[in-house]
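The next block is work.cif, given as mmCIF, C-alpha atoms.
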data_my_file
loop_
_atom_site.group_PDB
_atom_site.id
_atom_site.type_symbol
_atom_site.label_atom_id
_atom_site.label_comp_id
_atom_site.auth_asym_id
_atom_site.auth_seq_id
_atom_site.Cartn_x
_atom_site.Cartn_y
_atom_site.Cartn_z
ATOM 1 C CA MET J 1 -91.241 182.235 -93.521
ATOM 2 C CA SER J 2 -88.800 185.148 -93.621
ATOM 3 C CA LYS J 3 -89.136 187.905 -91.061
ATOM 4 C CA PRO J 4 -90.073 191.405 -92.224
ATOM 5 C CA PRO J 5 -87.071 193.740 -92.410
ATOM 6 C CA ARG J 6 -86.315 195.702 -89.257
ATOM 7 C CA THR J 7 -87.178 199.388 -89.361
ATOM 8 C CA ARG J 8 -84.151 201.618 -89.872
ATOM 9 C CA PHE J 9 -84.956 204.623 -87.726
ATOM 10 C CA ARG J 10 -83.780 208.142 -88.486
ATOM 11 C CA SER J 11 -83.522 211.493 -86.721
ATOM 12 C CA LEU J 12 -86.651 213.502 -87.410
ATOM 13 C CA ASP J 13 -88.013 216.674 -85.797
ATOM 14 C CA GLY J 14 -91.580 217.962 -86.012
ATOM 15 C CA ILE J 15 -95.166 217.582 -84.858
ATOM 16 C CA LEU J 16 -97.806 215.367 -86.435
ATOM 17 C CA LEU J 17 -101.488 216.069 -85.781
ATOM 18 C CA LEU J 18 -102.800 212.531 -85.837
ATOM 19 C CA ASP J 19 -106.469 211.595 -86.099
ATOM 20 C CA LYS J 20 -106.414 208.649 -83.718
ATOM 21 C CA PRO J 21 -108.850 205.900 -84.726
ATOM 22 C CA ARG J 22 -111.232 204.169 -82.345
ATOM 23 C CA GLY J 23 -109.969 200.909 -80.904
ATOM 24 C CA LEU J 24 -106.273 201.784 -80.565
ATOM 25 C CA SER J 25 -104.594 202.995 -77.406
ATOM 26 C CA SER J 26 -102.624 206.210 -77.743
ATOM 27 C CA ASN J 27 -99.372 204.269 -77.471
ATOM 28 C CA GLN J 28 -100.430 201.794 -80.174
ATOM 29 C CA ALA J 29 -101.280 204.702 -82.487
ATOM 30 C CA LEU J 30 -97.962 206.355 -81.633
ATOM 31 C CA GLN J 31 -95.967 203.235 -82.471
ATOM 32 C CA ARG J 32 -97.722 202.846 -85.818
ATOM 33 C CA VAL J 33 -96.883 206.349 -86.992
ATOM 34 C CA ARG J 34 -93.396 206.192 -85.489
ATOM 35 C CA HIS J 35 -92.616 203.185 -87.673
ATOM 36 C CA LEU J 36 -94.238 204.792 -90.719
ATOM 37 C CA PHE J 37 -91.998 207.852 -90.318
ATOM 38 C CA ARG J 38 -89.045 205.746 -89.117
ATOM 39 C CA ALA J 39 -88.629 208.285 -86.323
ATOM 40 C CA ARG J 40 -85.907 207.439 -83.814
ATOM 41 C CA LYS J 41 -87.629 209.335 -80.996
ATOM 42 C CA ALA J 42 -91.360 210.018 -80.546
ATOM 43 C CA GLY J 43 -93.950 210.723 -77.908
ATOM 44 C CA HIS J 44 -97.602 211.728 -77.744
ATOM 45 C CA THR J 45 -99.130 214.536 -75.707
ATOM 46 C CA GLY J 46 -102.209 213.697 -73.714
ATOM 47 C CA SER J 47 -103.573 210.158 -73.917
ATOM 48 C CA LEU J 48 -106.865 209.333 -75.567
ATOM 49 C CA ASP J 49 -108.797 206.256 -74.436
ATOM 50 C CA PRO J 50 -109.094 203.405 -76.978
ATOM 51 C CA LEU J 51 -112.769 204.341 -77.488
ATOM 52 C CA ALA J 52 -111.891 207.959 -78.314
ATOM 53 C CA THR J 53 -110.953 209.406 -81.697
ATOM 54 C CA GLY J 54 -109.535 212.708 -82.848
ATOM 55 C CA LEU J 55 -106.528 214.910 -82.310
ATOM 56 C CA LEU J 56 -103.470 213.259 -80.787
ATOM 57 C CA PRO J 57 -100.391 215.471 -81.240
ATOM 58 C CA VAL J 58 -97.332 213.301 -81.836
ATOM 59 C CA CYS J 59 -93.927 214.876 -81.240
ATOM 60 C CA PHE J 60 -90.874 213.597 -83.094
ATOM 61 C CA GLY J 61 -87.257 214.176 -82.076
ATOM 62 C CA GLU J 62 -86.565 217.570 -80.546
ATOM 63 C CA ALA J 63 -90.298 218.340 -80.400
ATOM 64 C CA THR J 64 -90.539 215.889 -77.473
ATOM 65 C CA LYS J 65 -88.837 218.587 -75.376
ATOM 66 C CA ILE J 66 -91.982 220.744 -75.536
ATOM 67 C CA ALA J 67 -94.463 217.883 -75.072
ATOM 68 C CA GLY J 68 -95.013 218.774 -71.417
ATOM 69 C CA GLY J 69 -96.444 222.157 -72.378
ATOM 70 C CA LEU J 70 -98.903 220.563 -74.777
ATOM 71 C CA LEU J 71 -100.008 218.114 -72.071
ATOM 72 C CA GLY J 72 -101.239 221.029 -69.982
ATOM 73 C CA ALA J 73 -103.037 222.786 -72.832
ATOM 74 C CA ARG J 74 -106.720 223.609 -73.134
ATOM 75 C CA LYS J 75 -108.736 221.027 -75.106
ATOM 76 C CA ALA J 76 -112.179 220.549 -76.650
ATOM 77 C CA TYR J 77 -114.260 217.413 -77.228
ATOM 78 C CA ASP J 78 -117.511 216.232 -78.726
ATOM 79 C CA ALA J 79 -119.082 213.510 -76.619
ATOM 80 C CA VAL J 80 -122.164 211.307 -76.696
ATOM 81 C CA ALA J 81 -123.554 210.359 -73.278
ATOM 82 C CA ARG J 82 -125.657 207.243 -72.926
ATOM 83 C CA LEU J 83 -128.072 207.739 -70.027
ATOM 84 C CA GLY J 84 -129.387 205.001 -67.750
ATOM 85 C CA ILE J 85 -126.339 202.709 -67.544
ATOM 86 C CA VAL J 86 -123.226 203.055 -65.365
ATOM 87 C CA THR J 87 -120.114 201.065 -66.350
ATOM 88 C CA ASP J 88 -116.930 200.254 -64.447
ATOM 89 C CA THR J 89 -114.811 202.318 -66.856
ATOM 90 C CA ASP J 90 -117.381 205.115 -67.295
ATOM 91 C CA ASP J 91 -117.460 204.425 -71.026
ATOM 92 C CA ALA J 92 -118.931 201.923 -73.480
ATOM 93 C CA ASP J 93 -115.839 199.701 -73.335
ATOM 94 C CA GLY J 94 -116.550 198.811 -69.705
ATOM 95 C CA GLN J 95 -118.828 196.313 -67.989
ATOM 96 C CA PRO J 96 -122.297 197.516 -66.936
ATOM 97 C CA LEU J 97 -122.601 197.961 -63.174
ATOM 98 C CA ARG J 98 -126.086 199.343 -62.785
ATOM 99 C CA GLU J 99 -129.077 200.195 -64.956
ATOM 100 C CA ARG J 100 -131.788 202.680 -64.022
ATOM 101 C CA PRO J 101 -134.772 204.166 -65.820
ATOM 102 C CA VAL J 102 -134.227 207.543 -67.427
ATOM 103 C CA PRO J 103 -136.671 210.113 -66.015
ATOM 104 C CA ALA J 104 -138.515 212.647 -68.128
ATOM 105 C CA LEU J 105 -135.968 215.373 -68.794
ATOM 106 C CA SER J 106 -136.340 218.849 -70.240
ATOM 107 C CA ILE J 107 -133.700 220.973 -71.932
ATOM 108 C CA ASP J 108 -133.762 223.343 -68.932
ATOM 109 C CA THR J 109 -133.119 220.445 -66.542
ATOM 110 C CA ILE J 110 -130.207 219.193 -68.612
ATOM 111 C CA ASP J 111 -128.716 222.686 -68.978
ATOM 112 C CA ALA J 112 -128.964 223.263 -65.217
ATOM 113 C CA ALA J 113 -127.131 219.992 -64.559
ATOM 114 C CA LEU J 114 -124.405 220.892 -67.049
ATOM 115 C CA LEU J 115 -123.961 224.282 -65.376
ATOM 116 C CA THR J 116 -123.163 222.653 -62.031
ATOM 117 C CA LEU J 117 -120.251 220.873 -63.723
ATOM 118 C CA THR J 118 -118.835 224.038 -65.305
ATOM 119 C CA GLY J 119 -116.114 226.283 -63.923
ATOM 120 C CA ARG J 120 -113.507 225.433 -61.311
ATOM 121 C CA ILE J 121 -114.829 222.184 -59.885
ATOM 122 C CA ARG J 122 -113.633 219.083 -58.030
ATOM 123 C CA GLN J 123 -113.584 215.803 -59.928
ATOM 124 C CA ARG J 124 -112.832 212.186 -59.036
ATOM 125 C CA PRO J 125 -110.922 210.566 -61.937
ATOM 126 C CA PRO J 126 -112.012 207.105 -63.131
ATOM 127 C CA ILE J 127 -110.439 204.103 -61.405
ATOM 128 C CA TYR J 128 -109.642 202.777 -64.882
ATOM 129 C CA SER J 129 -107.194 205.537 -65.768
ATOM 130 C CA ALA J 130 -103.494 205.985 -66.489
ATOM 131 C CA LEU J 131 -102.963 207.898 -63.247
ATOM 132 C CA LYS J 132 -100.184 206.226 -61.303
ATOM 133 C CA ARG J 133 -99.943 205.175 -57.682
ATOM 134 C CA GLY J 134 -96.767 203.577 -56.448
ATOM 135 C CA GLY J 135 -95.389 203.747 -59.988
ATOM 136 C CA GLU J 136 -98.242 201.649 -61.391
ATOM 137 C CA PRO J 137 -101.267 202.817 -63.439
ATOM 138 C CA LEU J 138 -104.573 202.642 -61.570
ATOM 139 C CA TYR J 139 -106.131 200.581 -64.364
ATOM 140 C CA ALA J 140 -103.641 197.790 -63.697
ATOM 141 C CA LYS J 141 -104.689 197.644 -60.047
ATOM 142 C CA ALA J 142 -108.384 197.764 -60.981
ATOM 143 C CA ARG J 143 -108.007 194.916 -63.486
ATOM 144 C CA ARG J 144 -106.520 192.743 -60.736
ATOM 145 C CA GLY J 145 -109.627 193.354 -58.656
ATOM 146 C CA GLU J 146 -107.889 195.571 -56.099
ATOM 147 C CA VAL J 147 -109.929 198.222 -54.327
ATOM 148 C CA VAL J 148 -108.835 201.542 -55.807
ATOM 149 C CA GLU J 149 -109.538 204.801 -54.002
ATOM 150 C CA VAL J 150 -109.133 207.890 -56.166
ATOM 151 C CA GLU J 151 -108.895 211.314 -54.568
ATOM 152 C CA GLU J 152 -110.806 214.267 -55.957
ATOM 153 C CA ARG J 153 -108.850 217.076 -57.551
ATOM 154 C CA GLU J 154 -109.587 220.522 -58.908
ATOM 155 C CA ILE J 155 -110.067 220.955 -62.646
ATOM 156 C CA ASP J 156 -111.230 223.698 -65.005
ATOM 157 C CA VAL J 157 -114.267 223.096 -67.211
ATOM 158 C CA HIS J 158 -114.567 226.160 -69.424
ATOM 159 C CA ALA J 159 -117.704 224.947 -71.218
ATOM 160 C CA PHE J 160 -120.009 221.925 -70.892
ATOM 161 C CA GLU J 161 -122.863 222.413 -73.321
ATOM 162 C CA LEU J 162 -125.725 220.452 -74.824
ATOM 163 C CA GLN J 163 -125.480 220.174 -78.603
ATOM 164 C CA SER J 164 -128.527 217.966 -79.121
ATOM 165 C CA ALA J 165 -131.036 215.976 -77.078
ATOM 166 C CA ALA J 166 -133.097 214.936 -80.091
ATOM 167 C CA ASP J 167 -132.357 211.221 -79.592
ATOM 168 C CA LEU J 168 -133.769 211.377 -76.073
ATOM 169 C CA LEU J 169 -136.653 213.804 -76.540
ATOM 170 C CA ASP J 170 -137.948 212.101 -79.698
ATOM 171 C CA ALA J 171 -138.404 208.850 -77.756
ATOM 172 C CA GLY J 172 -135.367 207.317 -79.388
ATOM 173 C CA GLN J 173 -132.203 206.179 -77.653
ATOM 174 C CA PRO J 174 -131.365 207.915 -74.337
ATOM 175 C CA LEU J 175 -128.429 209.850 -75.758
ATOM 176 C CA LEU J 176 -127.163 213.381 -75.193
ATOM 177 C CA ARG J 177 -124.724 215.021 -77.586
ATOM 178 C CA LEU J 178 -122.382 217.336 -75.719
ATOM 179 C CA ARG J 179 -119.465 219.739 -76.240
ATOM 180 C CA VAL J 180 -116.743 220.009 -73.592
ATOM 181 C CA GLU J 181 -113.952 222.569 -73.372
ATOM 182 C CA CYS J 182 -111.605 221.954 -70.466
ATOM 183 C CA GLY J 183 -108.171 222.335 -68.960
ATOM 184 C CA SER J 184 -105.441 219.873 -68.115
ATOM 185 C CA GLY J 185 -106.299 216.807 -66.057
ATOM 186 C CA THR J 186 -110.002 216.733 -66.879
ATOM 187 C CA TYR J 187 -111.621 213.363 -67.573
ATOM 188 C CA VAL J 188 -114.654 213.658 -69.844
ATOM 189 C CA ARG J 189 -115.682 210.172 -68.678
ATOM 190 C CA SER J 190 -115.915 211.479 -65.127
ATOM 191 C CA LEU J 191 -117.868 214.557 -66.230
ATOM 192 C CA ILE J 192 -120.481 212.406 -67.944
ATOM 193 C CA ARG J 193 -120.570 209.953 -65.036
ATOM 194 C CA ASP J 194 -121.290 212.847 -62.676
ATOM 195 C CA LEU J 195 -123.838 214.338 -65.079
ATOM 196 C CA GLY J 196 -125.726 211.042 -65.025
ATOM 197 C CA GLU J 197 -125.848 211.079 -61.227
ATOM 198 C CA ILE J 198 -127.169 214.644 -61.166
ATOM 199 C CA LEU J 199 -129.876 213.636 -63.645
ATOM 200 C CA GLY J 200 -130.754 210.677 -61.418
ATOM 201 C CA CYS J 201 -130.158 207.848 -63.873
ATOM 202 C CA GLY J 202 -126.440 207.394 -64.333
ATOM 203 C CA ALA J 203 -124.542 207.696 -67.625
ATOM 204 C CA HIS J 204 -121.433 206.671 -69.501
ATOM 205 C CA VAL J 205 -119.513 207.852 -72.573
ATOM 206 C CA ALA J 206 -120.754 206.178 -75.747
ATOM 207 C CA GLU J 207 -118.586 208.196 -78.147
ATOM 208 C CA LEU J 208 -115.773 210.712 -77.669
ATOM 209 C CA ARG J 209 -113.807 212.805 -80.149
ATOM 210 C CA ARG J 210 -111.114 215.354 -79.358
ATOM 211 C CA LEU J 211 -111.564 218.385 -81.592
ATOM 212 C CA TRP J 212 -108.555 220.536 -80.758
ATOM 213 C CA VAL J 213 -105.711 221.121 -78.323
ATOM 214 C CA ASP J 214 -104.076 224.510 -77.856
ATOM 215 C CA PRO J 215 -102.350 225.901 -79.834
ATOM 216 C CA PHE J 216 -103.848 223.752 -82.621
ATOM 217 C CA ARG J 217 -107.366 225.214 -82.693
ATOM 218 C CA GLU J 218 -108.084 224.416 -86.354
ATOM 219 C CA PRO J 219 -105.982 221.305 -86.922
ATOM 220 C CA ARG J 220 -105.385 219.567 -90.221
ATOM 221 C CA LEU J 221 -105.574 215.975 -89.041
ATOM 222 C CA TRP J 222 -103.929 212.956 -90.679
ATOM 223 C CA THR J 223 -105.389 209.471 -90.439
ATOM 224 C CA ILE J 224 -103.142 206.424 -90.253
ATOM 225 C CA GLU J 225 -104.573 205.232 -93.588
ATOM 226 C CA ALA J 226 -103.665 208.504 -95.298
ATOM 227 C CA LEU J 227 -100.151 208.373 -93.856
ATOM 228 C CA GLN J 228 -99.715 204.769 -95.023
ATOM 229 C CA ALA J 229 -100.713 205.773 -98.546
ATOM 230 C CA LEU J 230 -98.178 208.607 -98.521
ATOM 231 C CA ALA J 231 -95.457 206.349 -97.138
ATOM 232 C CA GLU J 232 -95.904 203.997 -100.090
ATOM 233 C CA ARG J 233 -95.023 206.877 -102.426
ATOM 234 C CA GLY J 234 -91.922 207.987 -100.540
ATOM 235 C CA GLU J 235 -90.904 209.858 -97.425
ATOM 236 C CA ARG J 236 -90.882 213.353 -98.907
ATOM 237 C CA GLY J 237 -94.668 213.445 -98.999
ATOM 238 C CA LEU J 238 -94.851 211.898 -95.552
ATOM 239 C CA ASP J 239 -92.476 214.452 -94.046
ATOM 240 C CA ALA J 240 -94.562 217.253 -95.526
ATOM 241 C CA CYS J 241 -97.335 216.306 -93.068
ATOM 242 C CA LEU J 242 -95.217 217.471 -90.143
ATOM 243 C CA LEU J 243 -95.452 220.878 -88.541
ATOM 244 C CA PRO J 244 -92.271 222.619 -87.388
ATOM 245 C CA VAL J 245 -91.380 222.523 -83.706
ATOM 246 C CA GLU J 246 -92.155 226.250 -83.479
ATOM 247 C CA SER J 247 -95.852 225.579 -84.180
ATOM 248 C CA GLY J 248 -96.235 223.972 -80.758
ATOM 249 C CA MET J 249 -94.598 226.761 -78.756
ATOM 250 C CA ALA J 250 -97.387 229.338 -78.630
ATOM 251 C CA SER J 251 -98.127 228.479 -74.981
ATOM 252 C CA TRP J 252 -94.894 230.113 -73.823
ATOM 253 C CA PRO J 253 -94.086 233.866 -73.964
ATOM 254 C CA GLU J 254 -91.357 234.529 -76.507
ATOM 255 C CA VAL J 255 -87.961 236.112 -75.831
ATOM 256 C CA GLU J 256 -85.396 236.895 -78.511
ATOM 257 C CA VAL J 257 -81.646 236.543 -78.126
ATOM 258 C CA ASP J 258 -78.773 237.609 -80.364
ATOM 259 C CA ALA J 259 -75.947 235.358 -81.545
ATOM 260 C CA ALA J 260 -73.671 236.113 -78.579
ATOM 261 C CA GLN J 261 -76.451 235.461 -76.074
ATOM 262 C CA ALA J 262 -77.417 232.256 -77.874
ATOM 263 C CA ALA J 263 -73.805 231.075 -77.647
ATOM 264 C CA ARG J 264 -73.770 231.623 -73.871
ATOM 265 C CA LEU J 265 -77.048 229.748 -73.474
ATOM 266 C CA SER J 266 -75.710 226.873 -75.557
ATOM 267 C CA HIS J 267 -72.945 226.411 -72.956
ATOM 268 C CA GLY J 268 -75.491 226.327 -70.117
ATOM 269 C CA GLN J 269 -74.764 229.888 -69.000
ATOM 270 C CA GLY J 270 -77.355 232.470 -68.039
ATOM 271 C CA VAL J 271 -77.788 235.762 -69.886
ATOM 272 C CA ALA J 272 -78.479 239.131 -68.283
ATOM 273 C CA GLY J 273 -80.500 241.574 -70.304
ATOM 274 C CA GLY J 274 -83.755 242.564 -68.645
ATOM 275 C CA PHE J 275 -85.762 239.710 -70.129
ATOM 276 C CA HIS J 276 -89.466 239.440 -69.342
ATOM 277 C CA PRO J 277 -91.937 238.132 -68.377
ATOM 278 C CA GLN J 278 -90.705 236.169 -65.392
ATOM 279 C CA GLY J 279 -91.118 232.394 -65.597
ATOM 280 C CA ALA J 280 -90.943 229.830 -68.386
ATOM 281 C CA VAL J 281 -90.322 231.244 -71.882
ATOM 282 C CA ALA J 282 -89.637 230.134 -75.440
ATOM 283 C CA ILE J 283 -86.285 231.310 -76.751
ATOM 284 C CA PHE J 284 -85.979 232.442 -80.381
ATOM 285 C CA ASP J 285 -83.168 233.822 -82.510
ATOM 286 C CA PRO J 286 -83.630 237.024 -84.586
ATOM 287 C CA GLY J 287 -84.632 234.918 -87.605
ATOM 288 C CA GLY J 288 -87.613 233.440 -85.775
ATOM 289 C CA ARG J 289 -86.116 230.007 -85.219
ATOM 290 C CA ALA J 290 -86.844 228.426 -81.849
ATOM 291 C CA LEU J 291 -83.785 227.558 -79.768
ATOM 292 C CA GLY J 292 -85.614 225.914 -76.886
ATOM 293 C CA LEU J 293 -87.128 226.656 -73.506
ATOM 294 C CA GLY J 294 -85.734 228.852 -70.755
ATOM 295 C CA GLU J 295 -86.569 230.509 -67.467
ATOM 296 C CA VAL J 296 -86.490 234.230 -66.626
ATOM 297 C CA ASP J 297 -85.781 234.994 -62.964
ATOM 298 C CA GLY J 298 -86.907 237.951 -60.869
ATOM 299 C CA GLU J 299 -83.902 240.010 -62.007
ATOM 300 C CA GLY J 300 -84.629 239.520 -65.703
ATOM 301 C CA ARG J 301 -81.850 236.988 -66.203
ATOM 302 C CA LEU J 302 -82.496 234.250 -68.760
ATOM 303 C CA ARG J 303 -81.329 230.711 -68.027
ATOM 304 C CA PRO J 304 -81.517 227.760 -70.421
ATOM 305 C CA GLN J 305 -83.806 224.849 -69.504
ATOM 306 C CA ARG J 306 -84.310 222.574 -72.517
ATOM 307 C CA LEU J 307 -82.490 223.707 -75.628
ATOM 308 C CA PHE J 308 -82.879 222.032 -78.994
ATOM 309 C CA SER J 309 -79.906 220.188 -80.453
ATOM 310 C CA TRP J 310 -79.295 222.835 -83.112
ATOM 311 C CA ALA J 311 -78.944 225.501 -80.398
ATOM 312 C CA CYS J 312 -76.278 223.594 -78.482
ATOM 313 C CA ALA J 313 -72.516 223.977 -78.827
ATOM 314 C CA GLN J 314 -72.174 220.328 -79.819
ATOM 315 C CA PRO J 315 -75.344 219.450 -81.747
ATOM 316 C CA ASP J 316 -76.632 215.939 -82.207
ATOM 317 C CA SER J 317 -76.390 214.130 -85.534
ATOM 318 C CA PRO J 318 -78.089 215.963 -88.402
ATOM 319 C CA ALA J 319 -81.852 215.625 -88.403
ATOM 320 C CA VAL J 320 -84.486 216.045 -91.059
ATOM 321 C CA GLN J 321 -85.868 219.542 -90.491
ATOM 322 C CA VAL J 322 -89.390 220.624 -91.302
ATOM 323 C CA PRO J 323 -89.362 223.828 -93.350
#

Rewrite the structure from the file as structure tokens, please.
Amino acid sequence: MSKPPRTRFRSLDGILLLDKPRGLSSNQALQRVRHLFRARKAGHTGSLDPLATGLLPVCFGEATKIAGGLLGARKAYDAVARLGIVTDTDDADGQPLRERPVPALSIDTIDAALLTLTGRIRQRPPIYSALKRGGEPLYAKARRGEVVEVEEREIDVHAFELQSAADLLDAGQPLLRLRVECGSGTYVRSLIRDLGEILGCGAHVAELRRLWVDPFREPRLWTIEALQALAERGERGLDACLLPVESGMASWPEVEVDAAQAARLSHGQGVAGGFHPQGAVAIFDPGGRALGLGEVDGEGRLRPQRLFSWACAQPDSPAVQVP
């Protein structure tokens, strides 16, 4: 049997808003779309568990240079909590550890419990997580049966709200449908685990879907199936699914530089000019094209940090650009 032809990768810059399916890890989903697009360089921003679906921003080429900013962005999720059962992974993919009866609960009781988990709070991440210790993910240690101690850390939960308790209150399944809006580093699995303990019965995540990630508040998502269908018709239609790199840069304040200043930055030199605000910024030319990321010091001097290839004195090989 002949082997399938090897993928011939190409330079490609842009951002894909992928609708990750249930059952794939974020890296598995990334590799599928990377091969569909034949992208030489790709990375995702903010892992989703295999159980979870929804928005997974995938950065191709030069867009990987801004991926760190998207990792720290505000996010929103829809979640279904299954009350009465605690699992080792805090979701439905794990092994049950303990089962308890679900007490009679009112909407007011549930809302009060949700309120205690809202705001600036301390959270203990799941032991089955991608957090690393000693260069190794915690889930790898947990799967070997090692005792894993996870320290609490501060997180921001902007909203944790009940969408529906009809399943529970109508004597059906003990499910709560919830909406979560949170900051970087928050584990929805841990939120629902802690909610279950406050309610006195335990809980785990039965379903989870990421709705949006800043700055993509109303995303047009692409499924892998839709992308495969487009790929069969040619790469022009596939490339049209990508957003330009600039679309992911709303998290940084913008500064504009002229051609002479851009030339200095491209050689790694700082530029004086009373730039503001102080801190990390997105650098643009007068035409609105992003040149990369920089840093403004206390004296208003702009220094380059991560410039895109087209802003550098010796650019990389030509890449497919998203209009």

For stretch 158-161 of chain J, work out the shell of residues within 9 Å, counting all atoms listed in the file and skipping chain neighbours fewer than 5 positions away, then give it as a PyMOL selection string. chain J and resi 76+111+114-115+117-120+177-183+191

Might you pull out every residue within 8 Å of J:Gly46, with all atoms listed in the file counted and same-chain residues fewer than 3 positions away left off, and present them as a PyMOL selection string? chain J and resi 56-57+70-71

Those selected residues, please, written with C-alpha atoms and delivered as a compact mmCIF listing (two decimals), in the coordinates of the input.
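After the write, again.txt holds the following:
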# COMPACT_ATOMS: atom_id res chain seq x y z
CA LEU J 56 -103.47 213.26 -80.79
CA PRO J 57 -100.39 215.47 -81.24
CA LEU J 70 -98.90 220.56 -74.78
CA LEU J 71 -100.01 218.11 -72.07

Answer key for the PyMOL selection byres ((chain J and resi 47-54) around 10), residues as a PyMOL selection string: chain J and resi 17-29+44-46+55-57+71+77-79+91-93+129-130+189+205-212+221-223

Taken to one decimal, the atom CA of J:Ile121-atom CA of J:Ile155 distance is 5.6 Å

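For J:Leu238, the residues within 12 Å (counting all atoms listed in the file, excluding itself and residues fewer than 3 positions away along the chain) are Leu12, Gly14, Leu16, Val33, Arg34, His35, Leu36, Phe37, Arg38, Ala39, Trp222, Thr223, Ile224, Glu225, Ala226, Leu227, Gln228, Ala229, Leu230, Ala231, Glu232, Arg233, Gly234, Glu235, Cys241, Leu242, Leu243 and Val322 of chain J.
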
Would you translate the PyMOL selection byres ((chain J and resi 153) around 12) into the concrete set of residues it matches in this file, as a list in words? Arg120, Ile121, Arg122, Gln123, Arg124, Pro125, Pro126, Val150, Glu151, Glu152, Glu154, Ile155, Asp156, Ser184, Gly185, Thr186, Tyr187 and Ser190 of chain J

Mind giving me the straight-line distance from atom CA of J:Ala81 to atom CA of J:Asp170 in Å, one decimal? 15.9 Å

Up to 12 Å from (-128.6, 206.9, -74.4) in the file's coordinates: name the residues, counting all atoms listed in the file, as a short mmCIF file (atom, residue, chain, number, x, y, z; two decimals) with C-alpha atoms, in the coordinates of the input.
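To be explicit, this is the file written out as selection-v5.cif:
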data_model
loop_
_atom_site.label_atom_id
_atom_site.label_comp_id
_atom_site.auth_asym_id
_atom_site.auth_seq_id
_atom_site.Cartn_x
_atom_site.Cartn_y
_atom_site.Cartn_z
CA ALA J 79 -119.08 213.51 -76.62
CA VAL J 80 -122.16 211.31 -76.70
CA ALA J 81 -123.55 210.36 -73.28
CA ARG J 82 -125.66 207.24 -72.93
CA LEU J 83 -128.07 207.74 -70.03
CA GLY J 84 -129.39 205.00 -67.75
CA ILE J 85 -126.34 202.71 -67.54
CA VAL J 86 -123.23 203.06 -65.36
CA ASP J 91 -117.46 204.42 -71.03
CA ALA J 92 -118.93 201.92 -73.48
CA GLU J 99 -129.08 200.20 -64.96
CA ARG J 100 -131.79 202.68 -64.02
CA PRO J 101 -134.77 204.17 -65.82
CA VAL J 102 -134.23 207.54 -67.43
CA ALA J 165 -131.04 215.98 -77.08
CA ALA J 166 -133.10 214.94 -80.09
CA ASP J 167 -132.36 211.22 -79.59
CA LEU J 168 -133.77 211.38 -76.07
CA LEU J 169 -136.65 213.80 -76.54
CA ASP J 170 -137.95 212.10 -79.70
CA ALA J 171 -138.40 208.85 -77.76
CA GLY J 172 -135.37 207.32 -79.39
CA GLN J 173 -132.20 206.18 -77.65
CA PRO J 174 -131.36 207.92 -74.34
CA LEU J 175 -128.43 209.85 -75.76
CA LEU J 176 -127.16 213.38 -75.19
CA ARG J 177 -124.72 215.02 -77.59
CA ILE J 192 -120.48 212.41 -67.94
CA GLY J 196 -125.73 211.04 -65.03
CA CYS J 201 -130.16 207.85 -63.87
CA GLY J 202 -126.44 207.39 -64.33
CA ALA J 203 -124.54 207.70 -67.62
CA HIS J 204 -121.43 206.67 -69.50
CA VAL J 205 -119.51 207.85 -72.57
CA ALA J 206 -120.75 206.18 -75.75
CA GLU J 207 -118.59 208.20 -78.15
#

For atom CA of J:Ile198 and atom CA of J:Arg74, quote the distance in Å rounded to one decimal. 25.3 Å

Under the rule that only C-alpha atoms are counted, which of J:Pro304, J:Gly292, J:Gly274, J:Gly237 is the nearest residue to J:Glu254? J:Gly292

For the file shown, report as a list in words the outcome of the PyMOL selection byres ((chain J and resi 283) around 8) at residue level. Glu254, Val255, Glu256, Val257, Val281, Ala282, Phe284, Asp285, Ala290, Leu291, Gly292, Leu293 and Gly294 of chain J

At most 8 Å from (-77.2, 226.4, -71.7), file frame, only C-alpha atoms: which residues, as a PyMOL selection string? chain J and resi 264-270+303-305+307+312

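All residues of protein, DNA or RNA that reach within 9 Å of J:Leu199, judged by only C-alpha atoms and not counting those fewer than 4 positions away in the chain, are Leu83, Val102, Pro103, Leu105, Thr109, Ile110, Ala113, Asp194, Leu195 and Ala203 of chain J.
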